[in-house]
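final-v5.cif (mmCIF, C-alpha atoms)
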```
data_target
loop_
_atom_site.label_atom_id
_atom_site.label_comp_id
_atom_site.auth_asym_id
_atom_site.auth_seq_id
_atom_site.Cartn_x
_atom_site.Cartn_y
_atom_site.Cartn_z
CA MET E 1 -20.18 20.60 2.34
CA VAL E 2 -17.87 21.19 5.32
CA VAL E 3 -14.35 22.37 4.55
CA ASN E 4 -11.78 21.32 7.14
CA ASP E 5 -8.91 23.68 6.40
CA GLU E 6 -6.04 22.69 8.68
CA MET E 7 -3.38 24.59 6.77
CA ARG E 8 -1.52 26.94 9.06
CA PRO E 9 -0.12 30.28 7.89
CA GLU E 10 3.45 29.12 8.64
CA TYR E 11 3.21 26.27 6.09
CA ASP E 12 5.08 27.29 2.95
CA PHE E 13 4.89 24.99 -0.06
CA SER E 14 5.86 27.67 -2.58
CA GLY E 15 9.09 25.78 -3.41
CA GLY E 16 7.41 22.38 -3.58
CA VAL E 17 7.35 20.20 -6.68
CA ARG E 18 4.15 18.28 -7.32
CA GLY E 19 4.74 14.56 -7.84
CA LYS E 20 8.49 14.74 -7.19
CA TYR E 21 8.60 11.27 -5.60
CA TYR E 22 5.60 9.75 -7.39
CA GLU E 23 7.49 7.39 -9.73
CA ALA E 24 9.82 6.08 -6.99
CA TYR E 25 6.85 5.54 -4.67
CA MET E 26 4.86 3.67 -7.29
CA GLN E 27 7.78 1.32 -8.00
CA SER E 28 8.40 0.51 -4.35
CA SER E 29 4.82 0.33 -3.16
CA ASN E 30 2.47 -2.57 -3.75
CA ILE E 31 -0.52 -2.24 -1.48
CA ILE E 32 -3.25 -4.85 -1.56
CA VAL E 33 -6.37 -4.56 0.57
CA LEU E 34 -7.71 -7.80 2.00
CA ASP E 35 -11.38 -8.43 2.60
CA PRO E 36 -12.19 -8.60 6.32
CA ASP E 37 -12.76 -12.36 6.36
CA VAL E 38 -9.39 -12.97 4.70
CA ALA E 39 -7.65 -10.47 6.99
CA GLU E 40 -8.86 -12.49 9.98
CA ILE E 41 -6.86 -15.47 8.72
CA PHE E 42 -3.79 -13.61 7.43
CA ARG E 43 -2.93 -11.09 10.14
CA ASP E 44 0.22 -9.66 8.54
CA SER E 45 2.19 -9.49 5.30
CA ALA E 46 4.46 -12.35 6.35
CA ALA E 47 1.48 -14.72 6.60
CA VAL E 48 0.14 -13.60 3.22
CA ASN E 49 3.55 -13.98 1.58
CA GLU E 50 4.01 -17.46 3.05
CA ALA E 51 0.62 -18.59 1.75
CA LEU E 52 1.21 -17.12 -1.71
CA ARG E 53 4.65 -18.72 -1.98
CA LEU E 54 3.13 -22.09 -1.10
CA ILE E 55 0.39 -21.64 -3.71
CA ALA E 56 2.98 -20.59 -6.31
CA LYS E 57 5.12 -23.64 -5.51
CA ILE E 58 2.12 -25.95 -5.91
CA ALA E 59 1.08 -24.26 -9.13
CA LYS E 60 4.58 -24.64 -10.58
CA SER E 61 4.71 -28.31 -9.65
CA ILE E 62 1.47 -29.13 -11.48
CA ALA E 63 1.92 -26.78 -14.47
CA VAL E 64 2.04 -28.58 -17.77
#
```

Same coordinates, now as structure tokens:
Amino acid sequence: MVVNDEMRPEYDFSGGVRGKYYEAYMQSSNIIVLDPDVAEIFRDSAAVNEALRLIAKIAKSIAV
């Protein structure tokens, strides 16, 4: 096992708080990983959102 220790002596995390922003990050972050073949079609989040909104609209219109 190779250890890549890039911590420099001048780094000081002694006053740090573990997980300080964890809850806020989890509430504002929603990452979804696309399979490569899907990512070729939907190049950015705007394209994915547009497609999902269209699917949701169709699903609502045929829901019983």

Interatomic distance, atom CA of E:Ile31 to atom CA of E:Asp44 (Å, one decimal):
12.5 Å

Within 12 Å of E:Val33, counting all atoms listed in the file, which residues qualify if same-chain residues fewer than 3 places away don't, as number ranges by chain?
E: 30, 36-39, 42, 44-45, 48

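Picture a line from atom CA of E:Ala24 to atom CA of E:Leu52; it runs 25.3 Å.
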
Box dimensions and centre (Å, one decimal) enclosing stretch 9-18 of chain E, axis-aligned, 3 Å extra per side, as lines of an AutoDock Vina configuration file:
```
center_x = 4.5
center_y = 24.3
center_z = 0.7
size_x = 15.2
size_y = 18.0
size_z = 22.0
```
